[in-house]
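Enquirer: Structure supplied as run06.cif; contents: mmCIF, C-alpha atoms and all ligand atoms.
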data_start
loop_
_atom_site.label_atom_id
_atom_site.label_comp_id
_atom_site.auth_asym_id
_atom_site.auth_seq_id
_atom_site.Cartn_x
_atom_site.Cartn_y
_atom_site.Cartn_z
CA THR I 18 115.84 205.67 9.37
CA GLY I 19 118.33 202.92 8.62
CA ASN I 20 118.33 200.59 5.63
CA GLN I 21 118.14 203.49 3.14
CA TRP I 22 120.02 202.04 0.20
CA GLY I 23 120.00 202.89 -3.48
CA TYR I 24 122.13 203.10 -6.60
CA GLY I 25 123.57 206.59 -6.17
CA GLU I 26 127.02 207.87 -5.22
CA GLU I 27 126.30 207.89 -1.49
CA ASP I 28 123.92 204.93 -1.06
CA GLY I 29 125.00 202.67 -3.94
CA PRO I 30 126.38 199.09 -4.13
CA SER I 31 129.88 200.04 -2.89
CA SER I 32 128.41 201.27 0.42
CA TRP I 33 125.83 198.50 1.06
CA TYR I 34 128.35 196.54 3.22
CA LYS I 35 127.98 199.17 5.97
CA ASP I 36 124.37 198.22 6.70
CA TYR I 37 124.58 194.73 5.15
CA PRO I 38 127.95 193.11 5.96
CA ILE I 39 126.92 189.98 3.99
CA ALA I 40 127.66 192.15 0.92
CA GLU I 41 131.23 190.87 1.32
CA GLY I 42 130.11 187.26 1.80
CA ALA I 43 131.23 184.09 0.03
CA ARG I 44 128.22 183.64 -2.27
CA GLN I 45 127.21 187.09 -3.48
CA SER I 46 125.46 187.93 -6.76
CA PRO I 47 125.58 188.92 -9.53
CA ILE I 48 128.79 187.49 -11.03
CA ASN I 49 130.58 187.59 -14.36
CA ILE I 50 129.89 184.27 -16.06
CA ALA I 51 132.96 182.93 -17.92
CA PRO I 52 131.53 180.37 -20.35
CA GLU I 53 134.91 178.65 -20.84
CA GLU I 54 135.21 178.06 -17.09
CA ALA I 55 131.64 176.80 -16.69
CA VAL I 56 131.51 173.07 -15.98
CA TYR I 57 129.15 171.11 -18.24
CA ASP I 58 127.18 168.84 -15.89
CA HIS I 59 125.50 166.04 -17.87
CA GLY I 60 123.58 165.16 -14.69
CA LEU I 61 121.78 168.49 -14.81
CA PRO I 62 118.23 167.93 -16.10
CA PRO I 63 116.45 170.61 -18.11
CA ILE I 64 114.48 173.22 -16.16
CA SER I 65 110.74 173.14 -16.57
CA LEU I 66 108.55 176.19 -16.14
CA HIS I 67 104.87 175.87 -15.39
CA TYR I 68 103.59 179.44 -15.70
CA ASP I 69 100.36 178.54 -17.43
CA ASN I 70 98.24 179.40 -14.41
CA CYS I 71 100.33 182.46 -13.83
CA THR I 72 98.14 185.10 -12.32
CA SER I 73 99.73 188.43 -11.75
CA THR I 74 97.97 190.74 -9.39
CA ASN I 75 99.63 194.13 -9.47
CA ILE I 76 102.58 196.11 -10.75
CA SER I 77 104.42 198.48 -8.44
CA ASN I 78 107.38 200.84 -8.11
CA ASN I 79 109.27 200.00 -4.91
CA GLY I 80 111.86 202.74 -5.35
CA HIS I 81 114.44 200.28 -6.69
CA SER I 82 112.70 198.56 -9.61
CA VAL I 83 109.30 197.85 -11.13
CA VAL I 84 107.82 194.66 -9.69
CA VAL I 85 104.97 192.45 -10.87
CA ASP I 86 103.61 190.51 -7.91
CA ARG I 87 101.93 187.14 -8.25
CA CYS I 88 98.48 186.79 -6.80
CA GLU I 89 98.51 184.95 -3.45
CA CYS I 90 94.73 184.58 -2.98
CA ASP I 91 93.47 181.10 -2.06
CA ARG I 92 92.33 180.29 -5.58
CA CYS I 93 95.57 181.47 -7.18
CA SER I 94 97.96 180.11 -4.61
CA SER I 95 96.54 176.62 -5.17
CA LEU I 96 97.32 176.98 -8.89
CA LEU I 97 100.90 176.08 -9.46
CA THR I 98 103.18 178.62 -11.04
CA VAL I 99 106.52 176.95 -10.54
CA ILE I 100 109.99 176.31 -11.79
CA GLN I 101 111.46 172.85 -11.26
CA GLY I 102 114.14 170.52 -12.56
CA GLY I 103 117.61 171.77 -13.33
CA PRO I 104 119.61 172.11 -10.10
CA LEU I 105 116.43 172.29 -8.01
CA GLU I 106 115.44 169.47 -5.65
CA ASN I 107 111.76 170.36 -5.89
CA ALA I 108 109.28 172.89 -7.29
CA TYR I 109 109.83 176.55 -6.43
CA ARG I 110 106.79 178.84 -6.56
CA LEU I 111 106.85 182.19 -8.42
CA LYS I 112 106.63 185.16 -6.05
CA GLN I 113 107.31 188.17 -8.28
CA PHE I 114 109.34 189.33 -11.23
CA HIS I 115 111.17 192.62 -11.84
CA PHE I 116 113.85 194.18 -14.01
CA HIS I 117 117.27 195.88 -13.78
CA TRP I 118 118.35 198.26 -16.53
CA GLY I 119 120.86 200.95 -17.54
CA GLY I 120 120.75 204.45 -18.92
CA LYS I 121 121.10 204.85 -22.69
CA GLY I 122 123.41 202.25 -24.23
CA CYS I 123 123.93 198.57 -23.61
CA HIS I 124 124.88 198.32 -19.96
CA GLY I 125 122.17 197.56 -17.37
CA SER I 126 122.23 193.83 -16.71
CA GLU I 127 123.52 192.48 -13.39
CA HIS I 128 125.16 189.27 -14.58
CA THR I 129 127.70 189.65 -17.37
CA VAL I 130 128.90 187.00 -19.82
CA ALA I 131 132.63 187.06 -20.52
CA GLY I 132 132.46 190.72 -19.52
CA LYS I 133 129.57 191.50 -21.89
CA THR I 134 126.76 193.52 -20.39
CA TYR I 135 123.18 193.53 -21.67
CA THR I 136 120.74 196.42 -21.71
CA SER I 137 118.56 194.84 -19.01
CA GLU I 138 117.97 191.70 -16.98
CA LEU I 139 114.61 190.17 -15.97
CA HIS I 140 114.49 188.31 -12.65
CA LEU I 141 111.74 185.82 -11.87
CA VAL I 142 111.93 185.17 -8.12
CA HIS I 143 110.70 181.81 -6.79
CA TRP I 144 110.67 180.24 -3.32
CA ASN I 145 110.90 176.66 -2.09
CA ALA I 146 107.27 176.22 -1.02
CA ALA I 147 107.74 172.44 -0.69
CA LYS I 148 110.21 172.91 2.17
CA TYR I 149 109.32 176.30 3.74
CA SER I 150 105.98 177.72 4.79
CA SER I 151 106.53 181.31 3.68
CA PHE I 152 108.66 183.39 1.34
CA ALA I 153 110.22 185.15 4.37
CA GLU I 154 111.30 181.82 5.87
CA ALA I 155 112.65 180.61 2.52
CA ALA I 156 114.46 183.91 1.86
CA VAL I 157 116.96 183.21 4.67
CA ALA I 158 117.55 179.52 3.84
CA PRO I 159 120.49 178.44 1.66
CA ASP I 160 118.11 176.47 -0.61
CA GLY I 161 115.18 178.83 -0.13
CA LEU I 162 115.06 180.82 -3.36
CA ALA I 163 115.57 180.27 -7.08
CA VAL I 164 115.84 183.25 -9.41
CA LEU I 165 115.58 182.80 -13.17
CA GLY I 166 117.58 185.47 -15.00
CA VAL I 167 116.79 186.49 -18.59
CA PHE I 168 118.97 188.94 -20.52
CA LEU I 169 117.33 191.68 -22.61
CA GLU I 170 119.18 193.20 -25.56
CA ILE I 171 118.24 196.02 -27.93
CA GLY I 172 116.69 194.86 -31.18
CA ASP I 173 113.17 194.33 -32.46
CA GLU I 174 110.25 195.17 -30.19
CA ARG I 175 109.08 192.37 -27.88
CA GLY I 176 105.29 192.32 -28.16
CA GLY I 177 104.75 190.59 -24.84
CA LEU I 178 106.56 193.39 -23.02
CA ASN I 179 104.11 196.09 -24.17
CA LYS I 180 101.51 195.22 -21.53
CA ILE I 181 104.20 196.06 -18.96
CA THR I 182 105.70 199.14 -20.65
CA ASP I 183 102.22 200.56 -21.30
CA SER I 184 101.47 200.35 -17.58
CA LEU I 185 104.66 202.02 -16.36
CA TYR I 186 103.18 205.54 -16.45
CA MET I 187 100.78 204.39 -13.70
CA VAL I 188 103.70 203.54 -11.35
CA LYS I 189 106.01 206.46 -12.08
CA PHE I 190 106.69 207.22 -8.44
CA LYS I 191 108.12 205.09 -5.61
CA GLY I 192 105.27 203.65 -3.58
CA THR I 193 102.73 203.56 -6.41
CA VAL I 194 100.93 200.35 -7.39
CA THR I 195 98.22 199.51 -9.88
CA ASP I 196 96.16 196.49 -10.87
CA PHE I 197 97.96 194.26 -13.33
CA ARG I 198 96.04 191.05 -13.88
CA ASP I 199 96.53 187.87 -15.84
CA PHE I 200 99.96 188.64 -17.19
CA ASN I 201 101.87 185.48 -17.97
CA PRO I 202 105.66 185.85 -18.10
CA ASN I 203 105.90 182.93 -20.54
CA CYS I 204 105.85 185.62 -23.25
CA LEU I 205 109.14 187.03 -21.97
CA LEU I 206 111.13 183.81 -22.24
CA PRO I 207 113.62 183.03 -25.05
CA SER I 208 113.20 179.95 -27.24
CA SER I 209 116.10 178.11 -25.59
CA LEU I 210 116.12 177.20 -21.89
CA LYS I 211 119.87 176.47 -21.91
CA TYR I 212 121.26 177.85 -18.68
CA TRP I 213 124.15 178.43 -16.31
CA THR I 214 123.55 177.83 -12.60
CA TYR I 215 125.48 178.73 -9.45
CA PRO I 216 124.83 179.35 -5.72
CA GLY I 217 124.39 183.06 -5.01
CA SER I 218 122.39 185.76 -3.30
CA LEU I 219 119.78 188.44 -3.68
CA THR I 220 121.41 191.30 -5.62
CA THR I 221 119.82 194.00 -3.50
CA PRO I 222 119.78 194.41 0.26
CA PRO I 223 119.29 192.36 2.40
CA LEU I 224 121.55 190.36 -0.03
CA TYR I 225 120.57 187.05 1.58
CA GLU I 226 122.73 184.12 0.37
CA SER I 227 119.69 181.98 -0.33
CA VAL I 228 119.46 182.00 -4.13
CA THR I 229 120.10 179.23 -6.62
CA TRP I 230 120.66 181.30 -9.75
CA ILE I 231 119.54 179.95 -13.11
CA VAL I 232 120.65 182.34 -15.88
CA LEU I 233 119.40 181.64 -19.41
CA THR I 234 122.05 181.91 -22.10
CA GLU I 235 119.76 183.24 -24.86
CA PRO I 236 118.71 186.91 -24.53
CA ILE I 237 115.35 188.25 -25.71
CA CYS I 238 115.17 191.37 -27.89
CA VAL I 239 113.39 194.54 -26.81
CA SER I 240 113.24 197.88 -28.59
CA GLU I 241 114.98 201.09 -27.53
CA LYS I 242 111.50 202.63 -27.32
CA GLN I 243 110.39 199.97 -24.85
CA MET I 244 113.54 200.45 -22.74
CA GLY I 245 112.93 204.21 -22.83
CA LYS I 246 109.64 203.68 -21.02
CA PHE I 247 111.43 201.95 -18.12
CA ARG I 248 113.56 205.09 -17.83
CA THR I 249 110.47 207.28 -17.31
CA LEU I 250 110.12 205.66 -13.87
CA LEU I 251 111.49 207.60 -10.89
CA PHE I 252 113.39 206.40 -7.80
CA ASN I 253 111.56 208.96 -5.63
CA SER I 254 108.02 209.29 -4.34
CA GLU I 255 105.61 212.00 -5.52
CA GLU I 256 106.04 213.84 -2.18
CA GLU I 257 109.83 214.15 -2.52
CA GLU I 258 110.95 217.27 -4.35
CA GLN I 259 113.94 215.47 -5.90
CA ARG I 260 113.09 213.91 -9.26
CA THR I 261 115.63 211.14 -10.02
CA ARG I 262 115.11 208.96 -13.09
CA MET I 263 115.10 205.22 -12.34
CA GLU I 264 118.00 203.82 -14.34
CA ASN I 265 121.30 201.96 -13.69
CA ASN I 266 119.54 200.01 -10.91
CA PHE I 267 122.02 197.13 -11.21
CA ARG I 268 124.68 195.77 -8.85
CA PRO I 269 128.03 195.09 -10.55
CA PRO I 270 129.53 191.56 -10.63
CA GLN I 271 130.85 190.25 -7.30
CA PRO I 272 133.87 187.97 -6.54
CA LEU I 273 133.31 184.30 -7.42
CA LYS I 274 135.20 183.17 -4.26
CA GLY I 275 135.81 179.67 -5.53
CA ARG I 276 132.28 178.91 -6.70
CA THR I 277 131.69 176.71 -9.73
CA VAL I 278 129.29 177.79 -12.44
CA ARG I 279 127.64 174.76 -14.07
CA ALA I 280 126.32 174.69 -17.62
CA SER I 281 123.32 172.66 -18.73
CA PHE I 282 124.89 172.34 -22.18
CA LYS I 283 128.22 171.42 -23.84
C1 LIG U 1 111.90 190.04 -1.31
N1 LIG U 1 112.14 189.81 -2.71
C2 LIG U 1 111.16 189.16 -3.54
C3 LIG U 1 113.32 190.27 -3.26
N2 LIG U 1 114.29 190.85 -2.56
N3 LIG U 1 115.34 191.25 -3.29
C4 LIG U 1 115.24 191.03 -4.60
C5 LIG U 1 116.24 191.49 -5.58
N4 LIG U 1 115.66 192.56 -6.37
S1 LIG U 1 116.87 190.25 -6.60
N5 LIG U 1 117.55 191.02 -7.80
O1 LIG U 1 115.78 189.44 -7.07
O2 LIG U 1 117.87 189.54 -5.87
S2 LIG U 1 113.77 190.24 -4.93
ZN ZN U 2 116.72 191.39 -9.43
#
Show how you would write the structure in this file as C-alpha cells.
Ligand SMILES: CN(C)c1nnc([C@H](N)S(N)(=O)=O)s1
Ligand SMILES: [Zn+2]

Expert:
Amino acid sequence: TGNQWGYGEEDGPSSWYKDYPIAEGARQSPINIAPEEAVYDHGLPPISLHYDNCTSTNISNNGHSVVVDRCECDRCSSLLTVIQGGPLENAYRLKQFHFHWGGKGCHGSEHTVAGKTYTSELHLVHWNAAKYSSFAEAAVAPDGLAVLGVFLEIGDERGGLNKITDSLYMVKFKGTVTDFRDFNPNCLLPSSLKYWTYPGSLTTPPLYESVTWIVLTEPICVSEKQMGKFRTLLFNSEEEEQRTRMENNFRPPQPLKGRTVRASFK
C-alpha cells in the first residue's frame, strides 16, 4: 500500500517528496538554527507550560518513534495541559510527545544549532484547541500546531527519563502499546525556557506546514545507557522477519527559504 515511508535507503527522507510533494515546500522542518542570524524580538513574551495536570495514557511504537499519548478521556481533556505565550496567540493543548535519536555517537537530533547535532530531540506536540475542534483539523491549518523541541545530549543520567526507558522493552515492536499513566513531561524540561521560534512543518510525513516551532536553547543531559535503551526498539512488527533497530529516525535540516528565526533572548 502507499504511504510506506521510513528512514532507510529506499524509503528515507530524500524520497518522501514522491508521495508527499510538500516535502519541497516553503516552510519545511527541521532547519539548521544559526544563532547569529536569529532576530531578537523583544515583543516575544516568555512561553508558559502548564503540564501539571498532565495525564499520559499509553506509550507506543508506531514504527517511526516511541510516542507517549496524552489521555483524551472527558475528565482528562477538561484538565488543561497546554503551552501558551511566546509566539502563540492562544493556548495549545498537548497531544503527544516522542523522540528522534541517532545510532552511537552524537548525531540524532532533527534541528541543528550552527551545524551542531545533538544525540536526540524530544518533541512535545500541541494543537490549537481554542480555534479548531480536533487535532486532525488543526494539523492542516497554518496556525494549527505548536511543537516544543528539547535537545538531549550525552552526560549524566536524567532521572525523569527512566520511567520511559524502563518501559521501552514493552513496546519493542512496531504496533505495540502499553499502559503508561501519570507521566508528567515537566521532568524532561531544562531549567531555562529561552527559545528560538520559526514557522515550519511536521518533520515526518504528511509533513504538513502547520507547525509553529519553539526550540529550547538549553539541552538536557541523558546517559549513554538511557540512549542505548531507545536503540533496543525496532522499526518492524513482531510478524515481520526483518529485525531493524530503531535508530537514526531523524530528518536532516531543510532549506530556510527566506524564513526568519526569532530569538526570545539577546
Ligand atoms: C499526528 N502527529 C501527532 C504527528 N505527526 N507527525 C509528527 C512528527 N513525528 S513531528 N516530528 O512531531 O513533526 S507528530
Ligand atoms: Zn518529532

Enquirer: Hey, could you make a per-residue contact list for chain I against ligand LIG 1 (chain U) with 10 Å as the cut-off, showing the nearest pair of atoms and its distance in Å to one decimal, counting all atoms listed in the file, sorted by chain and number, as a Markdown table?

Expert:
| residue | atom | partner | partner_atom | distance |
| --- | --- | --- | --- | --- |
| I:Gln45 | CA | U:LIG1 | O2 | 9.9 |
| I:Ser46 | CA | U:LIG1 | O2 | 7.8 |
| I:Pro47 | CA | U:LIG1 | N5 | 8.5 |
| I:Asn79 | CA | U:LIG1 | N4 | 9.9 |
| I:His81 | CA | U:LIG1 | N4 | 7.8 |
| I:Ser82 | CA | U:LIG1 | N4 | 7.4 |
| I:Val83 | CA | U:LIG1 | N4 | 9.5 |
| I:Val84 | CA | U:LIG1 | N4 | 8.8 |
| I:Asp86 | CA | U:LIG1 | C2 | 8.8 |
| I:Leu111 | CA | U:LIG1 | C2 | 9.5 |
| I:Lys112 | CA | U:LIG1 | C2 | 6.5 |
| I:Gln113 | CA | U:LIG1 | C2 | 6.2 |
| I:Phe114 | CA | U:LIG1 | O1 | 7.7 |
| I:His115 | CA | U:LIG1 | N4 | 7.1 |
| I:Phe116 | CA | U:LIG1 | N5 | 7.9 |
| I:His117 | CA | U:LIG1 | N5 | 7.7 |
| I:Glu127 | CA | U:LIG1 | N5 | 8.3 |
| I:Glu138 | CA | U:LIG1 | N5 | 9.2 |
| I:Leu139 | CA | U:LIG1 | N5 | 8.7 |
| I:His140 | CA | U:LIG1 | O1 | 5.8 |
| I:Leu141 | CA | U:LIG1 | O1 | 7.2 |
| I:Val142 | CA | U:LIG1 | O1 | 5.8 |
| I:His143 | CA | U:LIG1 | C2 | 8.0 |
| I:Trp144 | CA | U:LIG1 | C2 | 8.9 |
| I:Phe152 | CA | U:LIG1 | C1 | 7.9 |
| I:Ala153 | CA | U:LIG1 | C1 | 7.7 |
| I:Ala156 | CA | U:LIG1 | C1 | 7.4 |
| I:Leu162 | CA | U:LIG1 | C2 | 9.2 |
| I:Ala163 | CA | U:LIG1 | O1 | 9.2 |
| I:Val164 | CA | U:LIG1 | O1 | 6.6 |
| I:Leu165 | CA | U:LIG1 | O1 | 9.0 |
| I:Gly166 | CA | U:LIG1 | O1 | 9.0 |
| I:Gly217 | CA | U:LIG1 | O2 | 9.2 |
| I:Ser218 | CA | U:LIG1 | O2 | 6.4 |
| I:Leu219 | CA | U:LIG1 | O2 | 3.1 |
| I:Thr220 | CA | U:LIG1 | O2 | 4.0 |
| I:Thr221 | CA | U:LIG1 | C5 | 4.8 |
| I:Pro222 | CA | U:LIG1 | N3 | 6.5 |
| I:Pro223 | CA | U:LIG1 | N3 | 7.0 |
| I:Leu224 | CA | U:LIG1 | O2 | 7.0 |
| I:Tyr225 | CA | U:LIG1 | N3 | 8.3 |
| I:Glu226 | CA | U:LIG1 | O2 | 9.6 |
| I:Ser227 | CA | U:LIG1 | O2 | 9.5 |
| I:Val228 | CA | U:LIG1 | O2 | 7.9 |
| I:Trp230 | CA | U:LIG1 | O2 | 9.5 |
| I:Asn266 | CA | U:LIG1 | N4 | 9.5 |
| I:Phe267 | CA | U:LIG1 | N5 | 8.3 |
| I:Arg268 | CA | U:LIG1 | N5 | 8.6 |

Enquirer: With range 234-245 of chain I as the partner and 12 Å as the cut-off, tabulate the residues of range 53-129 of chain I that qualify, each row holding the nearest pair of atoms and their distance in Å to one decimal, using only C-alpha atoms, sorted by chain and rising number, as CSV.

Expert:
residue,atom,partner,partner_atom,distance
I:Phe116,CA,I:Met244,CA,10.8
I:His117,CA,I:Met244,CA,10.7
I:Trp118,CA,I:Met244,CA,8.2
I:Gly119,CA,I:Met244,CA,9.0
I:Gly120,CA,I:Gly245,CA,8.7
I:Lys121,CA,I:Gly245,CA,8.2
I:Gly122,CA,I:Glu241,CA,9.1
I:Cys123,CA,I:Glu241,CA,10.1
I:His124,CA,I:Met244,CA,11.9
I:Gly125,CA,I:Met244,CA,10.6
I:Ser126,CA,I:Pro236,CA,11.0
I:His128,CA,I:Thr234,CA,11.0
I:Thr129,CA,I:Thr234,CA,10.7

Enquirer: Determine the axis-aligned bounding box of all atoms of range 140-157 of chain I present in the file, pad each side by 3 Å, and express its centre and edge lengths in Å to one decimal place as AutoDock Vina command-line options.

Expert:
--center_x 111.5 --center_y 180.4 --center_z -3.4 --size_x 17.0 --size_y 21.9 --size_z 24.5

Enquirer: Would you list the residues near (135.8, 188.1, -2.2) (no more than 10 Å away, in the coordinates of the file, using only C-alpha atoms) as a PyMOL selection string?

Expert: chain I and resi 40-45+271-275

Enquirer: Can you measure CA of Thr249 in chain I to CA of Phe197 in chain I for me? One decimal in Å is fine.

Expert: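 If I compute the distance from CA of Thr249 in chain I to CA of Phe197 in chain I, I get 18.5 Å.
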
Enquirer: Rank I:Thr277, I:Ser137, I:Asn78, I:Ser65 by their smallest atom-to-atom distance to ligand ZN 2 (chain U), using only C-alpha atoms and all ligand atoms, and report the top residue only.

Expert: I:Ser137

Enquirer: Using all atoms listed in the file, which of I:Asn49, I:Asn75, I:Asn253, I:Gln259 sits nearest Lys133 in chain I?

Expert: I:Asn49

Enquirer: Nearest to Pro159 in chain I among I:Pro216, I:Gly103, I:Gly80, I:Pro269, with distances taken over all atoms listed in the file: which residue is it?

Expert: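 Under the stated criterion, the closest residue is I:Pro216.
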
Enquirer: So how far away is CA of His67 in chain I from CA of Asp173 in chain I, in Å?

Expert: 26.5 Å

Enquirer: Need the neighbours of (96.9, 180.5, -2.7): which residues are at most 12 Å away, counting all atoms listed in the file, as a list in words?

Expert: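 Within the cut-off we find Asn70, Cys71, Thr72, Arg87, Cys88, Glu89, Cys90, Asp91, Arg92, Cys93, Ser94, Ser95, Leu96, Leu97, Thr98, Arg110, Leu111, Lys112, Ala146 and Ser151 of chain I.
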
Enquirer: Please indicate the distance in Å from CA of Val56 in chain I to CA of Val130 in chain I, rounded to one decimal place.

Expert: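 It comes out at 14.7 Å.
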
Enquirer: Here is a test: counting only C-alpha atoms and all ligand atoms, which residue of I:Arg198, I:Val188, I:Lys211, I:Phe168 is nearest to ligand ZN 2 (chain U)?

Expert: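 Once distances to ligand ZN 2 (chain U) are computed over only C-alpha atoms and all ligand atoms, the minimum belongs to I:Phe168.
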
Enquirer: Given the choices I:Ala155, I:Val85, I:Val194, I:Ile76, which gets closest to ligand ZN 2 (chain U) if the distance is worked out from only C-alpha atoms and all ligand atoms?

Expert: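 Smallest distance to ligand ZN 2 (chain U) is found for I:Val85.
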
Enquirer: Looking at I:Asp28, I:Asp183, I:Glu106, I:Asp36, which one is nearest to Ile64 in chain I, with distances taken over all atoms listed in the file?

Expert: I:Glu106
